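Chemist: Dropping a structure here in structure tokens format, bear with me for questions.
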Amino acid sequence: MHIDFAPPSKGTYNNAGSSRQLASYMEHEDLERMEKGIYTDGFFNLTEDNIYKSKVVKDIDTNIGQLLKTDAKFYAIHVSPSENELRAMGNTEQEQAEAMKRYIREVFIPEYAKNFNKELSASDIKFYGKIHFDRSRSDNELNMHCHLIVSRKDQSNKKKISPLTNHKNTKSGTITGGFDRVNLFQQAEQGFDKLFGYDRQLAESFYYHSIMKNSSNPEQFNLQEQEFQSIKTRIKISQENNQENSFSINQENKKEGCQIYDISITAEQDSKTLGNPSLNQGNTQTFGPFISFIPSEIKSYYDHEKQRPNSKKKKRKKRKL
């Protein structure tokens, strides 16, 4: 799960003024999809679906009590599942969109609110979301993601909350509370796995990528070793499952006088791949079972011939004339 906070800019993400430009961008996919008769999904918040853009803009632009002209009025957040995560969320775009809204409402926004350490809940966060289905610069088969526009002020229009602050959990001083983005990423990932029953491998976790990017070589090596051992465990389980399946097939076919041969070929990663952060997981393959039916008479003859010693041909002596 990739989550990022778009940095303020002079263009679409200019958050010192009106939210109209960002809201219009969030809606840009809809016209093209509607012309093609393809499913679209409107703006949503914690409790409502299919909200009009005009309501979104008005709600965000009027929730700015005590903010200066140059202050940020809102923040843009992108929530982008991987292809594997999207497959766990549903089989169709509509199923995935509904699953994404559920994830935002039940996991992401509650964790976002909790992370400010100001006793906020999901209902205190003023936000609107919009599902996008395409990415022009991506070659992935599945690209659904979610854009969020979140107010700088809470629903009561009294508390300032910024996910871009460098404070994390200050207890005293001018600024109390704060925001721990690393903690949010970890909690949002764990919440996703629990909500959708997703079996996340170590190499696709936020923790893994964070260590590989920011830590020293010994820490990276230890983490790669953990992943390597995890791969070996999965290979072993796969082999055991193949053996169990082959045994079951063998028992069934013995009644019919057939011979069963189980061939399981596993290409394990070489230990040299520990130096590669990607771990090249695609190298693991399992083949089997392969079944061959051999008449017992032919098999008996073949076994007998294998056991016979090789006889050397005698050279004929030439007769002397």
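Ligands are numbered from 1 in the order shown, residues from 1 within each chain, and chains are lettered A, B, ... in the order they appear in the structure tokens.
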What's the 10 Å shell around Val182 of chain A, counting only C-alpha atoms, without same-chain residues fewer than 3 positions away, as a list in words?
Modeler: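 Result of the neighbour search: Phe179, Phe185, Gln186, Gln187, Ala188, Phe206, Tyr207 and Ser210 of chain A.
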Chemist: Contacts of Glu98 of chain A at 12 Å or less, counting only C-alpha atoms, minus same-chain residues fewer than 4 places along, as a PDB file with all heavy atoms, in the first residue's frame?
Modeler:
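To be explicit, this is the file written out as out-v6.pdb:
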ATOM      1  N   THR A  40     -18.433   4.777 -13.131  1.00  0.00           N
ATOM      2  CA  THR A  40     -17.777   5.887 -12.437  1.00  0.00           C
ATOM      3  C   THR A  40     -18.267   5.938 -10.997  1.00  0.00           C
ATOM      4  O   THR A  40     -19.316   5.389 -10.660  1.00  0.00           O
ATOM      5  CB  THR A  40     -18.079   7.247 -13.109  1.00  0.00           C
ATOM      6  OG1 THR A  40     -19.493   7.483 -13.082  1.00  0.00           O
ATOM      7  CG2 THR A  40     -17.581   7.269 -14.540  1.00  0.00           C
ATOM      8  N   ASP A  41     -17.507   6.602 -10.156  1.00  0.00           N
ATOM      9  CA  ASP A  41     -17.863   6.693  -8.746  1.00  0.00           C
ATOM     10  C   ASP A  41     -17.686   8.135  -8.298  1.00  0.00           C
ATOM     11  O   ASP A  41     -16.643   8.746  -8.543  1.00  0.00           O
ATOM     12  CB  ASP A  41     -16.974   5.764  -7.918  1.00  0.00           C
ATOM     13  CG  ASP A  41     -17.584   5.432  -6.569  1.00  0.00           C
ATOM     14  OD1 ASP A  41     -17.399   6.222  -5.631  1.00  0.00           O
ATOM     15  OD2 ASP A  41     -18.249   4.390  -6.472  1.00  0.00           O
ATOM     16  N   GLY A  42     -18.709   8.718  -7.634  1.00  0.00           N
ATOM     17  CA  GLY A  42     -18.669  10.122  -7.241  1.00  0.00           C
ATOM     18  C   GLY A  42     -17.850  10.363  -5.978  1.00  0.00           C
ATOM     19  O   GLY A  42     -17.223   9.463  -5.430  1.00  0.00           O
ATOM     20  N   PHE A  44     -17.120  10.916  -2.077  1.00  0.00           N
ATOM     21  CA  PHE A  44     -17.689  10.285  -0.887  1.00  0.00           C
ATOM     22  C   PHE A  44     -17.013  10.848   0.353  1.00  0.00           C
ATOM     23  O   PHE A  44     -15.906  11.412   0.279  1.00  0.00           O
ATOM     24  CB  PHE A  44     -17.519   8.762  -0.941  1.00  0.00           C
ATOM     25  CG  PHE A  44     -16.092   8.298  -0.808  1.00  0.00           C
ATOM     26  CD1 PHE A  44     -15.560   7.943   0.433  1.00  0.00           C
ATOM     27  CD2 PHE A  44     -15.259   8.205  -1.928  1.00  0.00           C
ATOM     28  CE1 PHE A  44     -14.234   7.513   0.561  1.00  0.00           C
ATOM     29  CE2 PHE A  44     -13.941   7.783  -1.800  1.00  0.00           C
ATOM     30  CZ  PHE A  44     -13.427   7.436  -0.553  1.00  0.00           C
ATOM     31  N   ASP A  49     -22.278   8.842  -0.166  1.00  0.00           N
ATOM     32  CA  ASP A  49     -21.724   8.579  -1.494  1.00  0.00           C
ATOM     33  C   ASP A  49     -22.305   9.558  -2.501  1.00  0.00           C
ATOM     34  O   ASP A  49     -23.317  10.225  -2.240  1.00  0.00           O
ATOM     35  CB  ASP A  49     -22.052   7.154  -1.947  1.00  0.00           C
ATOM     36  CG  ASP A  49     -21.313   6.105  -1.137  1.00  0.00           C
ATOM     37  OD1 ASP A  49     -20.166   6.375  -0.708  1.00  0.00           O
ATOM     38  OD2 ASP A  49     -21.888   5.013  -0.902  1.00  0.00           O
ATOM     39  N   LEU A  86      -5.089  -5.070  -4.756  1.00  0.00           N
ATOM     40  CA  LEU A  86      -6.339  -4.816  -5.478  1.00  0.00           C
ATOM     41  C   LEU A  86      -7.085  -6.118  -5.766  1.00  0.00           C
ATOM     42  O   LEU A  86      -8.319  -6.165  -5.687  1.00  0.00           O
ATOM     43  CB  LEU A  86      -6.065  -4.069  -6.785  1.00  0.00           C
ATOM     44  CG  LEU A  86      -5.810  -2.566  -6.654  1.00  0.00           C
ATOM     45  CD1 LEU A  86      -5.343  -1.984  -7.976  1.00  0.00           C
ATOM     46  CD2 LEU A  86      -7.076  -1.848  -6.179  1.00  0.00           C
ATOM     47  N   MET A  89      -9.107  -7.134  -3.035  1.00  0.00           N
ATOM     48  CA  MET A  89     -10.225  -6.223  -2.750  1.00  0.00           C
ATOM     49  C   MET A  89     -11.453  -6.502  -3.620  1.00  0.00           C
ATOM     50  O   MET A  89     -12.529  -5.961  -3.363  1.00  0.00           O
ATOM     51  CB  MET A  89      -9.775  -4.775  -2.940  1.00  0.00           C
ATOM     52  CG  MET A  89      -8.708  -4.329  -1.954  1.00  0.00           C
ATOM     53  SD  MET A  89      -7.948  -2.740  -2.371  1.00  0.00           S
ATOM     54  CE  MET A  89      -9.274  -1.605  -1.954  1.00  0.00           C
ATOM     55  N   GLY A  90     -11.306  -7.325  -4.660  1.00  0.00           N
ATOM     56  CA  GLY A  90     -12.461  -7.624  -5.501  1.00  0.00           C
ATOM     57  C   GLY A  90     -12.051  -8.012  -6.905  1.00  0.00           C
ATOM     58  O   GLY A  90     -10.897  -7.834  -7.307  1.00  0.00           O
ATOM     59  N   ASN A  91     -13.019  -8.518  -7.667  1.00  0.00           N
ATOM     60  CA  ASN A  91     -12.753  -8.991  -9.026  1.00  0.00           C
ATOM     61  C   ASN A  91     -13.098  -7.966 -10.095  1.00  0.00           C
ATOM     62  O   ASN A  91     -12.621  -8.059 -11.222  1.00  0.00           O
ATOM     63  CB  ASN A  91     -13.536 -10.283  -9.296  1.00  0.00           C
ATOM     64  CG  ASN A  91     -13.112 -11.411  -8.373  1.00  0.00           C
ATOM     65  OD1 ASN A  91     -11.930 -11.587  -8.093  1.00  0.00           O
ATOM     66  ND2 ASN A  91     -14.075 -12.180  -7.887  1.00  0.00           N
ATOM     67  N   THR A  92     -13.946  -6.999  -9.781  1.00  0.00           N
ATOM     68  CA  THR A  92     -14.346  -5.981 -10.755  1.00  0.00           C
ATOM     69  C   THR A  92     -13.988  -4.602 -10.224  1.00  0.00           C
ATOM     70  O   THR A  92     -13.707  -4.426  -9.029  1.00  0.00           O
ATOM     71  CB  THR A  92     -15.859  -6.032 -11.016  1.00  0.00           C
ATOM     72  OG1 THR A  92     -16.570  -5.661  -9.805  1.00  0.00           O
ATOM     73  CG2 THR A  92     -16.301  -7.428 -11.440  1.00  0.00           C
ATOM     74  N   GLU A  93     -13.989  -3.612 -11.119  1.00  0.00           N
ATOM     75  CA  GLU A  93     -13.689  -2.238 -10.703  1.00  0.00           C
ATOM     76  C   GLU A  93     -14.687  -1.747  -9.655  1.00  0.00           C
ATOM     77  O   GLU A  93     -14.310  -1.064  -8.703  1.00  0.00           O
ATOM     78  CB  GLU A  93     -13.712  -1.309 -11.917  1.00  0.00           C
ATOM     79  CG  GLU A  93     -12.515  -1.449 -12.823  1.00  0.00           C
ATOM     80  CD  GLU A  93     -12.493  -0.420 -13.934  1.00  0.00           C
ATOM     81  OE1 GLU A  93     -13.577   0.096 -14.293  1.00  0.00           O
ATOM     82  OE2 GLU A  93     -11.398  -0.122 -14.439  1.00  0.00           O
ATOM     83  N   GLN A  94     -15.956  -2.113  -9.827  1.00  0.00           N
ATOM     84  CA  GLN A  94     -16.968  -1.664  -8.867  1.00  0.00           C
ATOM     85  C   GLN A  94     -16.735  -2.296  -7.494  1.00  0.00           C
ATOM     86  O   GLN A  94     -16.842  -1.625  -6.466  1.00  0.00           O
ATOM     87  CB  GLN A  94     -18.367  -2.007  -9.378  1.00  0.00           C
ATOM     88  CG  GLN A  94     -19.474  -1.409  -8.506  1.00  0.00           C
ATOM     89  CD  GLN A  94     -20.831  -1.487  -9.166  1.00  0.00           C
ATOM     90  OE1 GLN A  94     -20.963  -1.934 -10.306  1.00  0.00           O
ATOM     91  NE2 GLN A  94     -21.864  -1.044  -8.462  1.00  0.00           N
ATOM     92  N   ARG A 102     -14.658   1.389   1.773  1.00  0.00           N
ATOM     93  CA  ARG A 102     -14.750   0.748   3.086  1.00  0.00           C
ATOM     94  C   ARG A 102     -13.427   0.877   3.838  1.00  0.00           C
ATOM     95  O   ARG A 102     -13.406   1.169   5.037  1.00  0.00           O
ATOM     96  CB  ARG A 102     -15.114  -0.723   2.901  1.00  0.00           C
ATOM     97  CG  ARG A 102     -15.319  -1.460   4.217  1.00  0.00           C
ATOM     98  CD  ARG A 102     -15.565  -2.948   3.980  1.00  0.00           C
ATOM     99  NE  ARG A 102     -15.580  -3.662   5.245  1.00  0.00           N
ATOM    100  CZ  ARG A 102     -15.414  -4.973   5.367  1.00  0.00           C
ATOM    101  NH1 ARG A 102     -15.222  -5.714   4.286  1.00  0.00           N
ATOM    102  NH2 ARG A 102     -15.434  -5.544   6.549  1.00  0.00           N
ATOM    103  N   TYR A 103     -12.316   0.677   3.129  1.00  0.00           N
ATOM    104  CA  TYR A 103     -10.990   0.777   3.746  1.00  0.00           C
ATOM    105  C   TYR A 103     -10.730   2.203   4.247  1.00  0.00           C
ATOM    106  O   TYR A 103     -10.233   2.397   5.360  1.00  0.00           O
ATOM    107  CB  TYR A 103      -9.932   0.369   2.734  1.00  0.00           C
ATOM    108  CG  TYR A 103      -8.521   0.670   3.185  1.00  0.00           C
ATOM    109  CD1 TYR A 103      -7.925  -0.049   4.223  1.00  0.00           C
ATOM    110  CD2 TYR A 103      -7.772   1.684   2.573  1.00  0.00           C
ATOM    111  CE1 TYR A 103      -6.634   0.234   4.639  1.00  0.00           C
ATOM    112  CE2 TYR A 103      -6.489   1.972   2.988  1.00  0.00           C
ATOM    113  CZ  TYR A 103      -5.924   1.254   4.021  1.00  0.00           C
ATOM    114  OH  TYR A 103      -4.649   1.548   4.442  1.00  0.00           O
ATOM    115  N   ILE A 104     -11.061   3.190   3.430  1.00  0.00           N
ATOM    116  CA  ILE A 104     -10.860   4.597   3.827  1.00  0.00           C
ATOM    117  C   ILE A 104     -11.691   4.921   5.064  1.00  0.00           C
ATOM    118  O   ILE A 104     -11.192   5.549   6.013  1.00  0.00           O
ATOM    119  CB  ILE A 104     -11.236   5.549   2.678  1.00  0.00           C
ATOM    120  CG1 ILE A 104     -10.310   5.339   1.466  1.00  0.00           C
ATOM    121  CG2 ILE A 104     -11.199   6.997   3.150  1.00  0.00           C
ATOM    122  CD1 ILE A 104      -8.857   5.670   1.715  1.00  0.00           C
ATOM    123  N   ARG A 105     -12.925   4.478   5.086  1.00  0.00           N
ATOM    124  CA  ARG A 105     -13.831   4.808   6.191  1.00  0.00           C
ATOM    125  C   ARG A 105     -13.512   4.043   7.472  1.00  0.00           C
ATOM    126  O   ARG A 105     -13.604   4.592   8.572  1.00  0.00           O
ATOM    127  CB  ARG A 105     -15.277   4.506   5.765  1.00  0.00           C
ATOM    128  CG  ARG A 105     -15.843   5.483   4.750  1.00  0.00           C
ATOM    129  CD  ARG A 105     -17.085   4.939   4.070  1.00  0.00           C
ATOM    130  NE  ARG A 105     -17.761   5.957   3.277  1.00  0.00           N
ATOM    131  CZ  ARG A 105     -18.674   5.693   2.345  1.00  0.00           C
ATOM    132  NH1 ARG A 105     -18.992   4.419   2.085  1.00  0.00           N
ATOM    133  NH2 ARG A 105     -19.247   6.673   1.687  1.00  0.00           N
ATOM    134  N   LYS A 130     -12.225  10.518  -3.763  1.00  0.00           N
ATOM    135  CA  LYS A 130     -12.631  10.254  -5.148  1.00  0.00           C
ATOM    136  C   LYS A 130     -11.783   9.107  -5.684  1.00  0.00           C
ATOM    137  O   LYS A 130     -10.554   9.134  -5.607  1.00  0.00           O
ATOM    138  CB  LYS A 130     -12.425  11.502  -6.004  1.00  0.00           C
ATOM    139  CG  LYS A 130     -13.007  11.397  -7.411  1.00  0.00           C
ATOM    140  CD  LYS A 130     -14.510  11.541  -7.372  1.00  0.00           C
ATOM    141  CE  LYS A 130     -15.115  11.671  -8.768  1.00  0.00           C
ATOM    142  NZ  LYS A 130     -14.922  10.451  -9.579  1.00  0.00           N
ATOM    143  N   ILE A 131     -12.457   8.103  -6.232  1.00  0.00           N
ATOM    144  CA  ILE A 131     -11.765   6.941  -6.787  1.00  0.00           C
ATOM    145  C   ILE A 131     -11.329   7.226  -8.220  1.00  0.00           C
ATOM    146  O   ILE A 131     -12.110   7.708  -9.032  1.00  0.00           O
ATOM    147  CB  ILE A 131     -12.679   5.694  -6.782  1.00  0.00           C
ATOM    148  CG1 ILE A 131     -13.222   5.419  -5.370  1.00  0.00           C
ATOM    149  CG2 ILE A 131     -11.932   4.487  -7.333  1.00  0.00           C
ATOM    150  CD1 ILE A 131     -12.194   5.018  -4.367  1.00  0.00           C
ATOM    151  N   MET A 144      -6.345   1.128  -9.881  1.00  0.00           N
ATOM    152  CA  MET A 144      -7.290   1.882  -9.074  1.00  0.00           C
ATOM    153  C   MET A 144      -6.598   2.485  -7.854  1.00  0.00           C
ATOM    154  O   MET A 144      -5.788   1.825  -7.200  1.00  0.00           O
ATOM    155  CB  MET A 144      -8.446   0.994  -8.625  1.00  0.00           C
ATOM    156  CG  MET A 144      -9.601   1.784  -8.034  1.00  0.00           C
ATOM    157  SD  MET A 144     -10.580   0.795  -6.883  1.00  0.00           S
ATOM    158  CE  MET A 144      -9.470   0.723  -5.499  1.00  0.00           C
ATOM    159  N   HIS A 145      -6.903   3.750  -7.553  1.00  0.00           N
ATOM    160  CA  HIS A 145      -6.354   4.423  -6.389  1.00  0.00           C
ATOM    161  C   HIS A 145      -7.343   5.478  -5.919  1.00  0.00           C
ATOM    162  O   HIS A 145      -8.351   5.729  -6.582  1.00  0.00           O
ATOM    163  CB  HIS A 145      -4.991   5.046  -6.697  1.00  0.00           C
ATOM    164  CG  HIS A 145      -4.996   5.990  -7.858  1.00  0.00           C
ATOM    165  ND1 HIS A 145      -5.110   5.562  -9.172  1.00  0.00           N
ATOM    166  CD2 HIS A 145      -4.907   7.340  -7.913  1.00  0.00           C
ATOM    167  CE1 HIS A 145      -5.087   6.606  -9.983  1.00  0.00           C
ATOM    168  NE2 HIS A 145      -4.978   7.700  -9.251  1.00  0.00           N
ATOM    169  N   CYS A 146      -7.058   6.084  -4.794  1.00  0.00           N
ATOM    170  CA  CYS A 146      -8.003   7.035  -4.209  1.00  0.00           C
ATOM    171  C   CYS A 146      -7.316   8.357  -3.900  1.00  0.00           C
ATOM    172  O   CYS A 146      -6.214   8.384  -3.347  1.00  0.00           O
ATOM    173  CB  CYS A 146      -8.598   6.448  -2.927  1.00  0.00           C
ATOM    174  SG  CYS A 146      -9.845   7.510  -2.147  1.00  0.00           S
TER     175      CYS A 146
END
Chemist: Restricting the calculation to only C-alpha atoms, which member of A:Gln96, A:Asn117, A:Phe74, A:Asp134 is positioned closest to Arg33 of chain A?
Modeler: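 Nearest candidate to Arg33 of chain A out of A:Gln96, A:Asn117, A:Phe74, A:Asp134: A:Asp134.
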Chemist: Choose the residue, out of A:Ala16, A:Tyr128, A:Ala99, A:His78, that has the smallest atom-to-atom separation from Leu195 of chain A; count only C-alpha atoms.
Modeler: A:Ala99
Chemist: Skip Ala122 of chain A itself and residues of its chain fewer than 4 positions away, then list as a list in words all residues within 6 Å of it, counting only C-alpha atoms.
Modeler: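 Non-adjacent residues within range: Ile109, Pro110 and Ala113 of chain A.
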Chemist: Just N, CA and C atoms for this one: save the residues we selected as a PDB file, in the first residue's frame.
Modeler:
ATOM      1  N   ILE A 109      -9.055   6.655   7.718  1.00  0.00           N
ATOM      2  CA  ILE A 109      -9.467   7.883   8.416  1.00  0.00           C
ATOM      3  C   ILE A 109      -9.434   7.715   9.936  1.00  0.00           C
ATOM      4  N   PRO A 110      -9.892   6.599  10.514  1.00  0.00           N
ATOM      5  CA  PRO A 110      -9.739   6.417  11.970  1.00  0.00           C
ATOM      6  C   PRO A 110      -8.280   6.473  12.420  1.00  0.00           C
ATOM      7  N   ALA A 113      -7.013  10.117  12.191  1.00  0.00           N
ATOM      8  CA  ALA A 113      -7.494  10.930  13.312  1.00  0.00           C
ATOM      9  C   ALA A 113      -6.738  10.609  14.598  1.00  0.00           C
TER      10      ALA A 113
END
Chemist: Let's see if you can do this: from backbone DSSP, list all helix (DSSP H, G or I) residues in segment 73-232 of chain A, as a ChimeraX atom specification.
Modeler: /A:83-89,93-114,122-124,181-196,202-204,206-214,217-232
Chemist: Please compute the atom CA of Gly178 of chain A-atom CA of Ile60 of chain A distance, one decimal, in Å.
Modeler: 21.7 Å
